[in-house]
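To keep things clear, I will list the structure first and then write my remarks on it.
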Amino acid sequence: MQNKLAYKNIKKIGLFTRPNLSLDNEILKLQSILSSYKIELVLAKESSKNLTLPQYKLDDLFEFCDFVISLGGDGTLISLCRKACEYDKAVLAIHAGHLGFLTDFKVDEAENFFKAFFQGEFRIEKPYLLSVFLENRQGKILEKLAFNDVVIAKDSKASMAHIEVFRKAKKFNEYLGDGLIVATPAGSTAYNLSANGPIVYTLAEAFILTPVCSHSLTQRPIVLPKGFEIEIRAKDCMLCIDGQENYEMKDFKSIKVGLSDKNVALIRPKDRDYFQILKEKLHWGY
C-alpha cells in the first residue's frame, strides 16, 4: 500500500455512495470543486439516478481512478474500504450520514479540504483489517476481510451461544452468552464499545475479543497482538462480517481470524485529531 499519494498528478476521482440516498446536490458540489482543479469526477453505478455524470461498476472505478471518495456514513465507508484493499487505492471519507465517527468532514467543508489537499496538506492513515478464513466441509477455504468486526452470535433457535476459541489447536477460552465480537482497532468504537469493549487507537497492530452478555462475570475483553491467529468453533451460531455478510457456523469445519497484513489507505485532513474526535462524538472523558 502506498505511503504517499501523488496529489499533483491526479486526473480522475471516483465517488461511491449507497443507492437511494438522494445526494445529487452534494455530488454536484463536489464535481464543481474538483472541476476547478481540472479533475474529472466519475460515479459508481447507482450512486445517482438523475445525474448525467459517467457511472461505472465499482471494480472499474478502482481500476482507473486515482482514489475514491466515500460519500455517506460509516457503513458506506466500510463497504468501500474492503474493496479498496483489493486494488491498493486510497479512500477519502466525506460525511453524509448520522454519527460518522470514521468520516472527517461534510461536503460544506470540502472546498477548504481540497484547497489544502492540492497543496500537499493531508495525511495517509493505514488501519489494518481482519482476515477471516472460512474452511467449508469440502476443504475449500474462503478468505474475507473485515474493516470493523466479526461477530459470532447465537441464532434465533438457541437460548445461549457456546463458543470455543483455540490457538494452535489448544483451547484459548470458552464463551457462554449472547456471542463474541472480534474487532479491529478501527472497529473498537462500534459494536465492541457498546458491549463494554476497550477503545483501541486506530493504527495499533492489535485486535480485540469482547464477549457479548457473558454468563460469567470473569469473562472480560482482551486485546491480542498482530500475528496471533485464533480458531473459533460454535454450534447454533451465525457469523457476521462488518454487519454486511452472514454465514452459518455449522457450514464450516474451521473458522480462523487474525489481524490481516492488509490495510487500507485513508486520506485524512492534516490536522485530524483522533482524541478530539473521541471527545466530540463519544463524549470521551466527560
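Residues in the C-alpha cells are named by chain (A, B, ... in the order shown) and by number from 1 within that chain; ligands are numbered from 1 in the order shown.
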Contact residues around Tyr247 in chain A with only C-alpha atoms at 7 Å, ignoring same-chain residues under 6 positions, as a ChimeraX atom specification: /A:238-240
Shell around range 212-225 of chain A at 8 Å using only C-alpha atoms, local window under 3 positions removed, as a ChimeraX atom specification: /A:175-181,195,197-198,205-209,228,259
Could you write those residues out with all heavy atoms, as a short mmCIF file (atom, residue, chain, number, x, y, z; two decimals), in the first residue's frame?
```
data_model
loop_
_atom_site.label_atom_id
_atom_site.label_comp_id
_atom_site.auth_asym_id
_atom_site.auth_seq_id
_atom_site.Cartn_x
_atom_site.Cartn_y
_atom_site.Cartn_z
N TYR A 175 -16.63 -19.23 25.72
CA TYR A 175 -17.57 -18.15 26.00
C TYR A 175 -19.01 -18.68 25.99
O TYR A 175 -19.43 -19.34 25.03
CB TYR A 175 -17.43 -17.04 24.96
CG TYR A 175 -16.07 -16.39 24.92
CD1 TYR A 175 -15.06 -16.87 24.08
CD2 TYR A 175 -15.78 -15.30 25.73
CE1 TYR A 175 -13.81 -16.27 24.05
CE2 TYR A 175 -14.52 -14.69 25.71
CZ TYR A 175 -13.54 -15.19 24.86
OH TYR A 175 -12.30 -14.59 24.83
N LEU A 176 -19.74 -18.38 27.05
CA LEU A 176 -21.16 -18.68 27.14
C LEU A 176 -21.91 -17.36 27.29
O LEU A 176 -21.58 -16.55 28.17
CB LEU A 176 -21.45 -19.59 28.34
CG LEU A 176 -20.80 -20.97 28.34
CD1 LEU A 176 -21.04 -21.67 29.66
CD2 LEU A 176 -21.34 -21.81 27.19
N GLY A 177 -22.87 -17.13 26.43
CA GLY A 177 -23.60 -15.86 26.48
C GLY A 177 -24.32 -15.61 25.18
O GLY A 177 -24.75 -16.54 24.50
N ASP A 178 -24.42 -14.33 24.80
CA ASP A 178 -25.10 -13.97 23.56
C ASP A 178 -24.18 -14.02 22.35
O ASP A 178 -24.66 -14.08 21.21
CB ASP A 178 -25.71 -12.57 23.67
CG ASP A 178 -26.98 -12.57 24.51
OD1 ASP A 178 -27.39 -13.65 24.97
OD2 ASP A 178 -27.56 -11.48 24.72
N GLY A 179 -22.87 -13.95 22.58
CA GLY A 179 -21.96 -14.00 21.44
C GLY A 179 -20.57 -13.49 21.75
O GLY A 179 -20.21 -13.28 22.92
N LEU A 180 -19.80 -13.28 20.69
CA LEU A 180 -18.42 -12.82 20.79
C LEU A 180 -18.12 -11.86 19.64
O LEU A 180 -18.48 -12.13 18.50
CB LEU A 180 -17.46 -14.02 20.74
CG LEU A 180 -15.97 -13.72 20.81
CD1 LEU A 180 -15.59 -13.20 22.19
CD2 LEU A 180 -15.16 -14.98 20.47
N ILE A 181 -17.47 -10.75 19.96
CA ILE A 181 -17.05 -9.78 18.95
C ILE A 181 -15.54 -9.87 18.77
O ILE A 181 -14.80 -9.85 19.77
CB ILE A 181 -17.41 -8.34 19.37
CG1 ILE A 181 -18.91 -8.21 19.63
CG2 ILE A 181 -16.98 -7.33 18.30
CD1 ILE A 181 -19.29 -6.95 20.38
N ALA A 195 -20.59 -3.06 23.78
CA ALA A 195 -20.52 -4.27 24.60
C ALA A 195 -19.47 -4.14 25.70
O ALA A 195 -19.02 -5.13 26.27
CB ALA A 195 -20.20 -5.48 23.72
N GLY A 197 -16.38 -3.15 25.41
CA GLY A 197 -15.01 -3.44 25.00
C GLY A 197 -14.17 -2.18 25.06
O GLY A 197 -14.70 -1.06 25.14
N PRO A 198 -12.85 -2.31 24.99
CA PRO A 198 -11.97 -1.14 25.11
C PRO A 198 -11.88 -0.34 23.82
O PRO A 198 -12.05 -0.88 22.73
CB PRO A 198 -10.62 -1.77 25.44
CG PRO A 198 -10.66 -3.10 24.72
CD PRO A 198 -12.09 -3.57 24.85
N GLU A 205 -1.44 -2.21 16.09
CA GLU A 205 -1.35 -3.52 15.44
C GLU A 205 -1.85 -4.58 16.42
O GLU A 205 -1.08 -5.37 17.00
CB GLU A 205 0.09 -3.79 14.98
CG GLU A 205 0.55 -2.83 13.90
CD GLU A 205 1.90 -3.19 13.31
OE1 GLU A 205 2.40 -4.31 13.57
OE2 GLU A 205 2.45 -2.36 12.57
N ALA A 206 -3.17 -4.59 16.59
CA ALA A 206 -3.78 -5.48 17.57
C ALA A 206 -5.24 -5.69 17.18
O ALA A 206 -5.77 -5.02 16.30
CB ALA A 206 -3.69 -4.86 18.97
N PHE A 207 -5.89 -6.66 17.84
CA PHE A 207 -7.33 -6.84 17.69
C PHE A 207 -7.91 -7.25 19.02
O PHE A 207 -7.19 -7.55 19.98
CB PHE A 207 -7.66 -7.83 16.57
CG PHE A 207 -7.23 -9.25 16.81
CD1 PHE A 207 -8.14 -10.23 17.19
CD2 PHE A 207 -5.91 -9.64 16.62
CE1 PHE A 207 -7.76 -11.54 17.38
CE2 PHE A 207 -5.50 -10.95 16.81
CZ PHE A 207 -6.42 -11.91 17.19
N ILE A 208 -9.24 -7.23 19.11
CA ILE A 208 -9.92 -7.33 20.40
C ILE A 208 -10.93 -8.47 20.38
O ILE A 208 -11.65 -8.65 19.39
CB ILE A 208 -10.69 -6.02 20.70
CG1 ILE A 208 -9.78 -4.80 20.49
CG2 ILE A 208 -11.28 -6.02 22.11
CD1 ILE A 208 -10.53 -3.56 20.06
N LEU A 209 -11.00 -9.23 21.48
CA LEU A 209 -12.07 -10.20 21.69
C LEU A 209 -12.95 -9.67 22.83
O LEU A 209 -12.46 -9.45 23.94
CB LEU A 209 -11.53 -11.57 22.09
CG LEU A 209 -10.61 -12.32 21.12
CD1 LEU A 209 -10.34 -13.72 21.66
CD2 LEU A 209 -11.21 -12.40 19.74
N PHE A 228 -1.25 -13.15 16.09
CA PHE A 228 -1.95 -14.06 16.98
C PHE A 228 -3.23 -14.50 16.27
O PHE A 228 -4.19 -13.73 16.19
CB PHE A 228 -2.27 -13.33 18.29
CG PHE A 228 -2.63 -14.21 19.45
CD1 PHE A 228 -1.77 -14.36 20.53
CD2 PHE A 228 -3.85 -14.87 19.49
CE1 PHE A 228 -2.11 -15.15 21.61
CE2 PHE A 228 -4.20 -15.67 20.55
CZ PHE A 228 -3.33 -15.81 21.62
N LEU A 259 -5.47 -10.49 12.82
CA LEU A 259 -5.23 -9.20 12.17
C LEU A 259 -4.50 -9.44 10.86
O LEU A 259 -3.48 -10.13 10.81
CB LEU A 259 -4.40 -8.30 13.09
CG LEU A 259 -4.45 -6.81 12.74
CD1 LEU A 259 -5.85 -6.25 12.98
CD2 LEU A 259 -3.44 -6.02 13.56
#
```
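Taking only range 118-216 of chain A, the residues that DSSP calls helix (DSSP H, G or I) from the backbone come to Ala186, Gly187, Ser188, Thr189, Tyr191, Asn192, Leu193 and Ser194 of chain A.
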Enumerate, in order of chain and increasing residue number, the residues of range 84-144 of chain A with an atom no farther than 12 Å from range 2-23 of chain A, each with its shortest atom pair and distance in Å to one decimal, counting only C-alpha atoms, as JSON lines.
```
{"residue": "A:Ala84", "atom": "CA", "partner": "A:Phe16", "partner_atom": "CA", "distance": 11.5}
{"residue": "A:Cys85", "atom": "CA", "partner": "A:Gln2", "partner_atom": "CA", "distance": 11.3}
{"residue": "A:Tyr87", "atom": "CA", "partner": "A:Gln2", "partner_atom": "CA", "distance": 11.1}
{"residue": "A:Asp88", "atom": "CA", "partner": "A:Gln2", "partner_atom": "CA", "distance": 7.4}
{"residue": "A:Lys89", "atom": "CA", "partner": "A:Gln2", "partner_atom": "CA", "distance": 8.1}
{"residue": "A:Ala90", "atom": "CA", "partner": "A:Leu5", "partner_atom": "CA", "distance": 8.1}
{"residue": "A:Val91", "atom": "CA", "partner": "A:Gly14", "partner_atom": "CA", "distance": 9.5}
{"residue": "A:Leu92", "atom": "CA", "partner": "A:Leu15", "partner_atom": "CA", "distance": 9.3}
{"residue": "A:Ala93", "atom": "CA", "partner": "A:Phe16", "partner_atom": "CA", "distance": 9.9}
{"residue": "A:Ile94", "atom": "CA", "partner": "A:Thr17", "partner_atom": "CA", "distance": 10.1}
{"residue": "A:His95", "atom": "CA", "partner": "A:Thr17", "partner_atom": "CA", "distance": 10.6}
{"residue": "A:Ala96", "atom": "CA", "partner": "A:Leu23", "partner_atom": "CA", "distance": 8.3}
{"residue": "A:Gly97", "atom": "CA", "partner": "A:Leu21", "partner_atom": "CA", "distance": 9.4}
{"residue": "A:Val107", "atom": "CA", "partner": "A:Leu23", "partner_atom": "CA", "distance": 10.4}
{"residue": "A:Phe114", "atom": "CA", "partner": "A:Tyr7", "partner_atom": "CA", "distance": 10.4}
{"residue": "A:Lys115", "atom": "CA", "partner": "A:Tyr7", "partner_atom": "CA", "distance": 11.5}
{"residue": "A:Ala116", "atom": "CA", "partner": "A:Tyr7", "partner_atom": "CA", "distance": 10.9}
{"residue": "A:Phe117", "atom": "CA", "partner": "A:Tyr7", "partner_atom": "CA", "distance": 7.5}
{"residue": "A:Phe118", "atom": "CA", "partner": "A:Tyr7", "partner_atom": "CA", "distance": 6.2}
{"residue": "A:Gln119", "atom": "CA", "partner": "A:Tyr7", "partner_atom": "CA", "distance": 8.3}
{"residue": "A:Gly120", "atom": "CA", "partner": "A:Tyr7", "partner_atom": "CA", "distance": 6.9}
{"residue": "A:Glu121", "atom": "CA", "partner": "A:Tyr7", "partner_atom": "CA", "distance": 10.0}
{"residue": "A:Phe122", "atom": "CA", "partner": "A:Leu5", "partner_atom": "CA", "distance": 9.6}
{"residue": "A:Arg123", "atom": "CA", "partner": "A:Lys4", "partner_atom": "CA", "distance": 8.5}
{"residue": "A:Ile124", "atom": "CA", "partner": "A:Asn3", "partner_atom": "CA", "distance": 6.7}
{"residue": "A:Glu125", "atom": "CA", "partner": "A:Asn3", "partner_atom": "CA", "distance": 8.5}
{"residue": "A:Lys126", "atom": "CA", "partner": "A:Asn3", "partner_atom": "CA", "distance": 8.5}
```
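Residues in contact range of Leu282 in chain A, defined as at most 10 Å between only C-alpha atoms, with sequence neighbours fewer than 3 positions away removed, read Leu99, Phe101, Thr189, Gln276, Ile277, Leu278, Lys279, Gly285 and Tyr286 of chain A.
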Given the selection you just returned, output its residues as a file containing C-alpha atoms, formatted as a short mmCIF file (atom, residue, chain, number, x, y, z; two decimals), in the first residue's frame.
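File selection37.cif, as written:
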```cif
data_model
loop_
_atom_site.label_atom_id
_atom_site.label_comp_id
_atom_site.auth_asym_id
_atom_site.auth_seq_id
_atom_site.Cartn_x
_atom_site.Cartn_y
_atom_site.Cartn_z
CA LEU A 99 -22.81 9.60 13.70
CA PHE A 101 -17.18 8.53 13.58
CA THR A 189 -15.64 2.32 18.75
CA GLN A 276 -10.58 15.23 19.87
CA ILE A 277 -12.99 13.14 17.78
CA LEU A 278 -13.47 10.83 20.76
CA LYS A 279 -14.36 13.84 22.87
CA GLY A 285 -13.63 11.78 29.35
CA TYR A 286 -16.72 13.91 30.10
#
```
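Here CA of Glu109 in chain A is placed at a distance of 14.8 Å from CA of Ser70 in chain A.
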Give me, as a VMD selection string, all polymer residues having an atom no more than 9 Å from range 148-153 of chain A, counting only C-alpha atoms and skipping those fewer than 6 positions away in the same chain. chain A and resid 78 129 to 130 132 160 to 161 163 177 to 192 212 232 234 236 to 243 249 257
Please, could you write that set of residues out with C-alpha atoms as a compact mmCIF listing (two decimals), in the first residue's frame?
```
# COMPACT_ATOMS: atom_id res chain seq x y z
CA ILE A 78 -16.66 0.23 5.50
CA LEU A 129 -8.28 -5.15 8.68
CA LEU A 130 -9.13 -8.61 9.99
CA VAL A 132 -11.26 -14.32 8.16
CA MET A 160 -27.32 -19.26 24.59
CA ALA A 161 -24.18 -19.25 22.45
CA ILE A 163 -18.26 -20.50 21.62
CA GLY A 177 -23.60 -15.86 26.48
CA ASP A 178 -25.10 -13.97 23.56
CA GLY A 179 -21.96 -14.00 21.44
CA LEU A 180 -18.42 -12.82 20.79
CA ILE A 181 -17.05 -9.78 18.95
CA VAL A 182 -13.67 -9.84 17.21
CA ALA A 183 -12.88 -6.20 16.45
CA THR A 184 -10.16 -4.18 14.76
CA PRO A 185 -8.84 -1.02 16.42
CA ALA A 186 -10.86 1.00 13.87
CA GLY A 187 -13.93 -1.03 14.87
CA SER A 188 -13.29 -0.68 18.59
CA THR A 189 -15.64 2.32 18.75
CA ALA A 190 -18.51 0.41 17.10
CA TYR A 191 -20.33 -2.67 18.46
CA ASN A 192 -17.28 -3.51 20.56
CA VAL A 212 -21.48 -10.14 24.50
CA ILE A 232 -13.46 -20.23 16.52
CA ALA A 234 -19.56 -22.77 17.79
CA ASP A 236 -26.22 -22.86 16.66
CA CYS A 237 -24.47 -19.59 15.85
CA MET A 238 -24.19 -17.11 12.99
CA LEU A 239 -21.06 -15.30 11.87
CA CYS A 240 -21.46 -11.74 10.60
CA ILE A 241 -18.71 -9.73 8.88
CA ASP A 242 -18.98 -5.94 9.26
CA GLY A 243 -22.75 -6.24 9.61
CA MET A 249 -21.16 -21.56 11.61
CA VAL A 257 -9.46 -14.98 12.43
```
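Counting only C-alpha atoms, the residue from A:Glu86, A:Asp74, A:Asp108, A:Asp66 that sits nearest to Glu26 in chain A is A:Asp108.
Between CA of Arg167 in chain A and CA of Lys235 in chain A the separation is 18.4 Å.
Across the model, the gap from CA of Leu30 in chain A to CA of Leu203 in chain A is 28.8 Å.
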Show which residues sit within 10 Å of Ala169 in chain A, as a short mmCIF file (atom, residue, chain, number, x, y, z; two decimals) with all heavy atoms, in the first residue's frame. Count only C-alpha atoms, and ignore same-chain residues fewer than 4 positions away.
```
data_model
loop_
_atom_site.label_atom_id
_atom_site.label_comp_id
_atom_site.auth_asym_id
_atom_site.auth_seq_id
_atom_site.Cartn_x
_atom_site.Cartn_y
_atom_site.Cartn_z
N VAL A 165 -12.76 -20.98 21.59
CA VAL A 165 -11.69 -20.31 20.86
C VAL A 165 -10.38 -21.06 21.11
O VAL A 165 -10.03 -21.34 22.25
CB VAL A 165 -11.55 -18.83 21.30
CG1 VAL A 165 -10.39 -18.16 20.57
CG2 VAL A 165 -12.85 -18.07 21.04
N ILE A 230 -6.56 -16.94 15.83
CA ILE A 230 -7.44 -17.79 16.63
C ILE A 230 -8.36 -18.60 15.72
O ILE A 230 -8.67 -18.19 14.59
CB ILE A 230 -8.29 -16.96 17.61
CG1 ILE A 230 -9.15 -15.93 16.86
CG2 ILE A 230 -7.40 -16.27 18.65
CD1 ILE A 230 -10.16 -15.21 17.74
N GLU A 231 -8.78 -19.75 16.22
CA GLU A 231 -9.79 -20.56 15.54
C GLU A 231 -11.05 -20.56 16.41
O GLU A 231 -10.96 -20.74 17.63
CB GLU A 231 -9.31 -21.99 15.33
CG GLU A 231 -10.31 -22.86 14.60
CD GLU A 231 -9.83 -24.27 14.32
OE1 GLU A 231 -8.67 -24.58 14.69
OE2 GLU A 231 -10.60 -25.06 13.75
#
```
